[in-house]
Amino acid sequence: MLHGLRLPQRLLLPIVKCQTITWGRRSLAKDAILPTVLVHGGAGHIDADKVECVKFGVKQAAQRGYKAMLETGSTLDAVEQAVMVLEADIHFNAGFGSVLTQDGNVEMDASIMDGSRLEGGCVTMARNIMHPISLARCVMEKTNYRFLAGDGAMRLAKEEGFEILPKSALITEASQKLLKVFKISNTDTLYNVVPGTVGAVAIDACGNVAAATSTGGLTGKLSGRVGDSPILGAGTYADNEAGAVSATGHGESIMRYNLSSRVLALVRHKDYSIQEAVEEMLQNMTAHFKQTGGLIAIDHRGQLGIYFTTELMSWAYQQGNELHCGVEVGEDEVVIVDDDT
Ligand SMILES: NC(=O)C[C@H](N)C(=O)O
């Protein structure tokens, strides 16, 4: 059965009026976009006793990202900071708490993209660092390349002063238990039963978008397996002319479907609303590959798309002083936060 939620059409209240601003590729005359940071904490099952912790985590992340955007004016900072909160949180499969390979090791994937310049950075097989998302950003900003793997990525981490943690530092009791369960059950869809991959998308008042995704991948994966999360167009994409997307779910399906790019192509070329686009693409992917997933997205006008074909997906966003959050289909909890949080 397919699950998802429809968000109420939101009023677009002008809070910042942008001048006509010329970015690299075209002139944008935009107004009435509400700056927003939207995050997800993975699609799948969440144990009932963990739901509140997971909700707390995604809300913290959305708030942190929003605050970063206000402080620095950068959507790239917003998505990086939001994802960093979730990488450091034991309840998510990214950074600390990442799931384990068949050999019992942590190998992490991450990517980040700046929609104003179509710039991106990606890492795979990152080890022993808390924040692969920041390493992905370093690849983008400090090298002539856009994707580094394994030893090369780790060399950059050392050169850039990342703290290199002991091998066991990111491994948790929960991830070890999951690997045991995986080995007994020998299924490849264990992402369905663990809190997941994390991601963020953001837009500022001028229509600049960014996206970021970070994950430990799939429990029991072969060493060297690369998922969708570090692949631009699959797990992550951002383009000011269409919007920003972060995906979660079965990586081998998401990458073959080029899920994030397809969503934005519908918005840009077929005049879909972002919610229609995430629903249709995820339903099609799920029907085609018989594998599930979840998406968060923001279009270039600031409209939001949230959808999942799994049982649950944790998400949260901050827009002005409203903090929204949900886990189940149709859930949309709202709290008002202080301006200075
Ligand atoms: N939980 C997830 O979202 C897993 C991730 N998409 C991967 O396949 O690596």
# chains A, B, ... in the order shown; residues from 1 in each chain; ligands from 1

call {"tool": "residues_near_ligand", "arguments": {"ligand": "ligand 1", "cutoff": "9 Å", "atoms": "only C-alpha atoms and all ligand atoms", "output": "PyMOL selection string"}}
result
chain A and resi 41-44+93+108-109+190-192+194-198+214-219+225-230+235+247-255+293-294

call {"tool": "closest_atom_pairs", "arguments": {"of": "stretch 170-221 of chain A", "to": "stretch 112-134 of chain A", "cutoff": "8 Å", "atoms": "only C-alpha atoms", "output": "Markdown table"}}
result
| residue | atom | partner | partner_atom | distance |
| --- | --- | --- | --- | --- |
| A:Leu170 | CA | A:Asn128 | CA | 6.9 |
| A:Asn208 | CA | A:Ser116 | CA | 5.6 |
| A:Val209 | CA | A:Gly115 | CA | 5.1 |
| A:Ala210 | CA | A:Asp114 | CA | 4.6 |
| A:Ala211 | CA | A:Met113 | CA | 5.3 |
| A:Ala212 | CA | A:Ile112 | CA | 4.2 |
| A:Thr213 | CA | A:Ile112 | CA | 6.5 |
| A:Ser214 | CA | A:Ile133 | CA | 6.2 |

call {"tool": "write_last_selection", "arguments": {"atoms": "C-alpha atoms", "output": "mmCIF file, in the first residue's frame"}}
result
data_model
loop_
_atom_site.group_PDB
_atom_site.id
_atom_site.type_symbol
_atom_site.label_atom_id
_atom_site.label_comp_id
_atom_site.auth_asym_id
_atom_site.auth_seq_id
_atom_site.Cartn_x
_atom_site.Cartn_y
_atom_site.Cartn_z
ATOM 1 C CA LEU A 170 30.647 5.384 15.318
ATOM 2 C CA ASN A 208 18.344 29.919 -3.681
ATOM 3 C CA VAL A 209 18.011 26.216 -2.939
ATOM 4 C CA ALA A 210 20.365 23.564 -1.563
ATOM 5 C CA ALA A 211 20.144 19.874 -0.708
ATOM 6 C CA ALA A 212 22.185 17.415 1.370
ATOM 7 C CA THR A 213 21.958 13.701 2.166
ATOM 8 C CA SER A 214 24.068 11.496 4.462
#

call {"tool": "closest_residue", "arguments": {"among": "A:Gly150, A:Asn284, A:Val181, A:Ser175", "to": "A:Ser98", "atoms": "only C-alpha atoms"}}
result
A:Ser175

call {"tool": "residues_around", "arguments": {"residues": "A:Asp204", "least_positions_apart": "6", "cutoff": "10 Å", "atoms": "only C-alpha atoms", "output": "ChimeraX atom specification"}}
result
/A:16,33-37,66,69-70,73-75,78,210,300-302

call {"tool": "closest_residue", "arguments": {"among": "A:Leu156, A:Leu76, A:Leu304, A:Ala316", "to": "A:Lys59", "atoms": "only C-alpha atoms"}}
result
A:Ala316

call {"tool": "select_by_dssp", "arguments": {"residues": "stretch 71-258 of chain A", "states": "strand (DSSP E or B)", "output": "PyMOL selection string"}}
result
chain A and resi 101+108-114+119-126+147-149+198-203+209-215+221+232+236-239+243-249

call {"tool": "write_last_selection", "arguments": {"atoms": "N, CA and C atoms", "output": "compact mmCIF listing (two decimals), in the first residue's frame"}}
result
# COMPACT_ATOMS: atom_id res chain seq x y z
N THR A 101 28.59 -2.67 7.66
CA THR A 101 28.81 -3.57 6.52
C THR A 101 28.81 -5.01 7.02
N MET A 108 30.46 5.29 5.07
CA MET A 108 29.37 6.27 4.91
C MET A 108 29.41 6.98 3.55
N ASP A 109 28.23 7.35 3.10
CA ASP A 109 28.03 8.08 1.85
C ASP A 109 27.40 9.44 2.17
N ALA A 110 27.78 10.47 1.42
CA ALA A 110 27.11 11.77 1.60
C ALA A 110 27.28 12.63 0.36
N SER A 111 26.32 13.51 0.15
CA SER A 111 26.47 14.51 -0.93
C SER A 111 25.75 15.78 -0.56
N ILE A 112 26.21 16.86 -1.17
CA ILE A 112 25.62 18.17 -0.90
C ILE A 112 25.59 18.93 -2.22
N MET A 113 24.57 19.76 -2.41
CA MET A 113 24.48 20.48 -3.69
C MET A 113 23.92 21.88 -3.49
N ASP A 114 24.52 22.82 -4.19
CA ASP A 114 24.13 24.23 -4.15
C ASP A 114 23.41 24.55 -5.47
N GLU A 119 26.55 23.48 -8.13
CA GLU A 119 27.79 22.95 -7.56
C GLU A 119 27.45 21.81 -6.62
N GLY A 120 28.32 20.82 -6.57
CA GLY A 120 28.06 19.71 -5.66
C GLY A 120 29.33 19.05 -5.21
N GLY A 121 29.22 18.29 -4.12
CA GLY A 121 30.35 17.50 -3.63
C GLY A 121 29.82 16.20 -3.06
N CYS A 122 30.59 15.11 -3.26
CA CYS A 122 30.11 13.78 -2.86
C CYS A 122 31.26 12.96 -2.27
N VAL A 123 30.94 12.15 -1.27
CA VAL A 123 31.92 11.18 -0.77
C VAL A 123 31.26 9.82 -0.59
N THR A 124 32.07 8.79 -0.76
CA THR A 124 31.59 7.44 -0.46
C THR A 124 32.70 6.69 0.26
N MET A 125 32.30 5.65 1.00
CA MET A 125 33.24 4.86 1.81
C MET A 125 34.04 5.75 2.77
N ALA A 126 33.38 6.78 3.30
CA ALA A 126 34.02 7.61 4.33
C ALA A 126 34.01 6.82 5.65
N PHE A 147 33.72 14.12 -6.57
CA PHE A 147 33.35 12.87 -5.90
C PHE A 147 34.63 12.17 -5.49
N LEU A 148 34.82 11.98 -4.19
CA LEU A 148 35.98 11.23 -3.71
C LEU A 148 35.52 10.01 -2.91
N ALA A 149 36.29 8.92 -3.05
CA ALA A 149 35.94 7.66 -2.38
C ALA A 149 37.05 7.21 -1.43
N VAL A 198 19.64 10.43 6.49
CA VAL A 198 19.15 11.77 6.82
C VAL A 198 19.37 12.71 5.63
N GLY A 199 18.54 13.76 5.58
CA GLY A 199 18.70 14.70 4.47
C GLY A 199 18.04 16.02 4.80
N ALA A 200 18.39 17.03 4.01
CA ALA A 200 17.81 18.35 4.20
C ALA A 200 17.72 19.07 2.87
N VAL A 201 16.70 19.91 2.74
CA VAL A 201 16.59 20.82 1.61
C VAL A 201 16.24 22.19 2.19
N ALA A 202 16.66 23.25 1.48
CA ALA A 202 16.41 24.60 2.01
C ALA A 202 16.22 25.58 0.87
N ILE A 203 15.45 26.62 1.16
CA ILE A 203 15.31 27.72 0.21
C ILE A 203 15.37 29.04 0.98
N VAL A 209 18.29 27.50 -3.58
CA VAL A 209 18.01 26.22 -2.94
C VAL A 209 19.30 25.42 -2.74
N ALA A 210 19.25 24.49 -1.78
CA ALA A 210 20.37 23.56 -1.56
C ALA A 210 19.80 22.26 -1.03
N ALA A 211 20.57 21.19 -1.20
CA ALA A 211 20.14 19.87 -0.71
C ALA A 211 21.35 19.12 -0.17
N ALA A 212 21.11 18.23 0.80
CA ALA A 212 22.19 17.41 1.37
C ALA A 212 21.61 16.09 1.85
N THR A 213 22.40 15.03 1.71
CA THR A 213 21.96 13.70 2.17
C THR A 213 23.17 12.97 2.74
N SER A 214 22.96 12.21 3.83
CA SER A 214 24.07 11.50 4.46
C SER A 214 23.55 10.17 5.02
N THR A 215 24.35 9.12 4.88
CA THR A 215 23.86 7.80 5.31
C THR A 215 24.99 6.82 5.60
N LYS A 221 25.63 -4.51 4.08
CA LYS A 221 26.07 -4.29 2.69
C LYS A 221 27.50 -4.82 2.52
N LEU A 232 24.53 12.53 -7.22
CA LEU A 232 23.70 13.69 -7.59
C LEU A 232 22.72 13.26 -8.67
N THR A 236 20.21 13.05 -4.18
CA THR A 236 20.29 14.48 -3.87
C THR A 236 20.30 15.28 -5.16
N TYR A 237 19.57 16.38 -5.20
CA TYR A 237 19.74 17.31 -6.33
C TYR A 237 19.22 18.69 -5.93
N ALA A 238 19.84 19.73 -6.50
CA ALA A 238 19.37 21.10 -6.25
C ALA A 238 19.66 21.96 -7.46
N ASP A 239 18.65 22.70 -7.89
CA ASP A 239 18.78 23.58 -9.05
C ASP A 239 17.80 24.73 -8.83
N GLY A 243 14.21 23.31 -8.02
CA GLY A 243 14.04 23.08 -6.59
C GLY A 243 15.15 22.19 -6.04
N ALA A 244 14.89 21.61 -4.88
CA ALA A 244 15.88 20.77 -4.21
C ALA A 244 15.21 19.53 -3.65
N VAL A 245 15.93 18.39 -3.72
CA VAL A 245 15.35 17.10 -3.31
C VAL A 245 16.38 16.31 -2.51
N SER A 246 15.91 15.60 -1.48
CA SER A 246 16.73 14.58 -0.81
C SER A 246 15.89 13.32 -0.67
N ALA A 247 16.50 12.18 -1.02
CA ALA A 247 15.77 10.91 -1.04
C ALA A 247 16.26 9.98 0.07
N THR A 248 15.43 9.01 0.41
CA THR A 248 15.79 7.93 1.32
C THR A 248 15.07 6.68 0.84
N GLY A 249 15.63 5.52 1.17
CA GLY A 249 14.98 4.27 0.76
C GLY A 249 15.97 3.35 0.07
